[in-house]
Amino acid sequence: MKPAARRKARQFATQAIYQWQVTKDSVANIEHQFLTEQDMSKADVPYFSTLLTGVVGNSEKLDAAMSSSLSRKLEELDIVEHAILLIGVYELLMVSDVPPKVVINEAIELAKSFAAEDSHKFVNGVLDKVLRLQQFKS
């Protein structure tokens, strides 16, 4: 799959995870809504589904994996930053075919697109710490 299609999948996944965080609607409903109401023709749709279901299904595990790398409490995270970090941590820990450098760069781009002005620096720092901790454990 082309990198641009994966990038689009991550963008849609960020929005879908944000929606899940706000509405607490089921993943199936959110996924169906995105597939029927968004133009996903340029996105890697299977990867979007993998990210959405993987993040939501493992959110507690992902929060635990990132909590020691945060400079503030998990509850104090901006909801958009949290969605982006969930995707990044999921990809770092559970997706073997995406290099860590790509994961971090993509998360930075998501933060630049969707989050507050300097969020990309925070996202970069957290994912870098998560990666270093993971490499230390390996």
# chains A, B, ... in the order shown; residues from 1 in each chain; ligands from 1

$ residues_around --residues "region 127-134 of chain A" --least-positions-apart "2" --cutoff "12 Å" --atoms "only C-alpha atoms" --output "MDAnalysis selection string"
chainID A and resid 62:71 81:82 84:94 99:108 120:125 136:138

$ select_by_dssp --residues "region 19-82 of chain A" --states "alpha helix (DSSP H)" --output "JSON, numbers by chain"
{"A": [19, 20, 21, 22, 23, 27, 28, 29, 30, 31, 32, 33, 34, 35, 36, 37, 45, 46, 47, 48, 49, 50, 51, 52, 53, 54, 55, 56, 57, 59, 60, 61, 62, 63, 64, 65, 66, 67, 79, 80, 81, 82]}

$ write_last_selection --atoms "C-alpha atoms" --output "PDB file, in the first residue's frame"
ATOM      1  CA  GLN A  19     -15.249  10.423  18.136  1.00  0.00           C
ATOM      2  CA  TRP A  20     -15.070   7.217  20.189  1.00  0.00           C
ATOM      3  CA  GLN A  21     -13.503   9.103  23.112  1.00  0.00           C
ATOM      4  CA  VAL A  22     -16.200  11.779  23.035  1.00  0.00           C
ATOM      5  CA  THR A  23     -19.304   9.698  22.278  1.00  0.00           C
ATOM      6  CA  VAL A  27     -16.398   0.867  17.268  1.00  0.00           C
ATOM      7  CA  ALA A  28     -18.668  -0.901  14.780  1.00  0.00           C
ATOM      8  CA  ASN A  29     -20.993   2.115  14.567  1.00  0.00           C
ATOM      9  CA  ILE A  30     -18.133   4.585  14.215  1.00  0.00           C
ATOM     10  CA  GLU A  31     -16.391   2.462  11.608  1.00  0.00           C
ATOM     11  CA  HIS A  32     -19.619   2.065   9.634  1.00  0.00           C
ATOM     12  CA  GLN A  33     -20.240   5.810   9.807  1.00  0.00           C
ATOM     13  CA  PHE A  34     -16.772   6.593   8.446  1.00  0.00           C
ATOM     14  CA  LEU A  35     -16.988   3.979   5.703  1.00  0.00           C
ATOM     15  CA  THR A  36     -20.364   5.241   4.505  1.00  0.00           C
ATOM     16  CA  GLU A  37     -20.104   8.983   5.097  1.00  0.00           C
ATOM     17  CA  VAL A  45      -9.289   1.208   4.524  1.00  0.00           C
ATOM     18  CA  PRO A  46      -8.125  -2.115   6.032  1.00  0.00           C
ATOM     19  CA  TYR A  47      -5.386  -0.219   7.896  1.00  0.00           C
ATOM     20  CA  PHE A  48      -7.928   2.351   9.119  1.00  0.00           C
ATOM     21  CA  SER A  49     -10.010  -0.534  10.498  1.00  0.00           C
ATOM     22  CA  THR A  50      -6.945  -2.151  12.066  1.00  0.00           C
ATOM     23  CA  LEU A  51      -5.973   1.093  13.795  1.00  0.00           C
ATOM     24  CA  LEU A  52      -9.474   1.864  15.025  1.00  0.00           C
ATOM     25  CA  THR A  53     -10.260  -1.595  16.371  1.00  0.00           C
ATOM     26  CA  GLY A  54      -6.721  -2.152  17.637  1.00  0.00           C
ATOM     27  CA  VAL A  55      -6.530   1.134  19.525  1.00  0.00           C
ATOM     28  CA  VAL A  56      -9.983   0.871  21.069  1.00  0.00           C
ATOM     29  CA  GLY A  57      -9.531  -2.803  21.944  1.00  0.00           C
ATOM     30  CA  SER A  59      -6.697   1.361  24.927  1.00  0.00           C
ATOM     31  CA  GLU A  60      -6.035   0.456  28.573  1.00  0.00           C
ATOM     32  CA  LYS A  61      -2.833  -1.366  27.643  1.00  0.00           C
ATOM     33  CA  LEU A  62      -1.740   1.537  25.428  1.00  0.00           C
ATOM     34  CA  ASP A  63      -2.483   4.086  28.162  1.00  0.00           C
ATOM     35  CA  ALA A  64      -0.418   2.030  30.594  1.00  0.00           C
ATOM     36  CA  ALA A  65       2.454   1.827  28.108  1.00  0.00           C
ATOM     37  CA  MET A  66       2.525   5.588  27.608  1.00  0.00           C
ATOM     38  CA  SER A  67       1.770   6.783  31.148  1.00  0.00           C
ATOM     39  CA  ILE A  79      -8.228  14.592  23.801  1.00  0.00           C
ATOM     40  CA  VAL A  80      -6.748  15.036  20.306  1.00  0.00           C
ATOM     41  CA  GLU A  81      -3.195  14.501  21.584  1.00  0.00           C
ATOM     42  CA  HIS A  82      -4.440  11.409  23.397  1.00  0.00           C
TER      43      HIS A  82
END

$ closest_residue --among "A:Leu74, A:Ile17, A:Ala5, A:Val98" --to "Met40 (chain A)" --atoms "only C-alpha atoms"
A:Ala5

$ atom_distance --atom1 "CA of Asp39 (chain A)" --atom2 "CA of Phe12 (chain A)"
10.1 Å
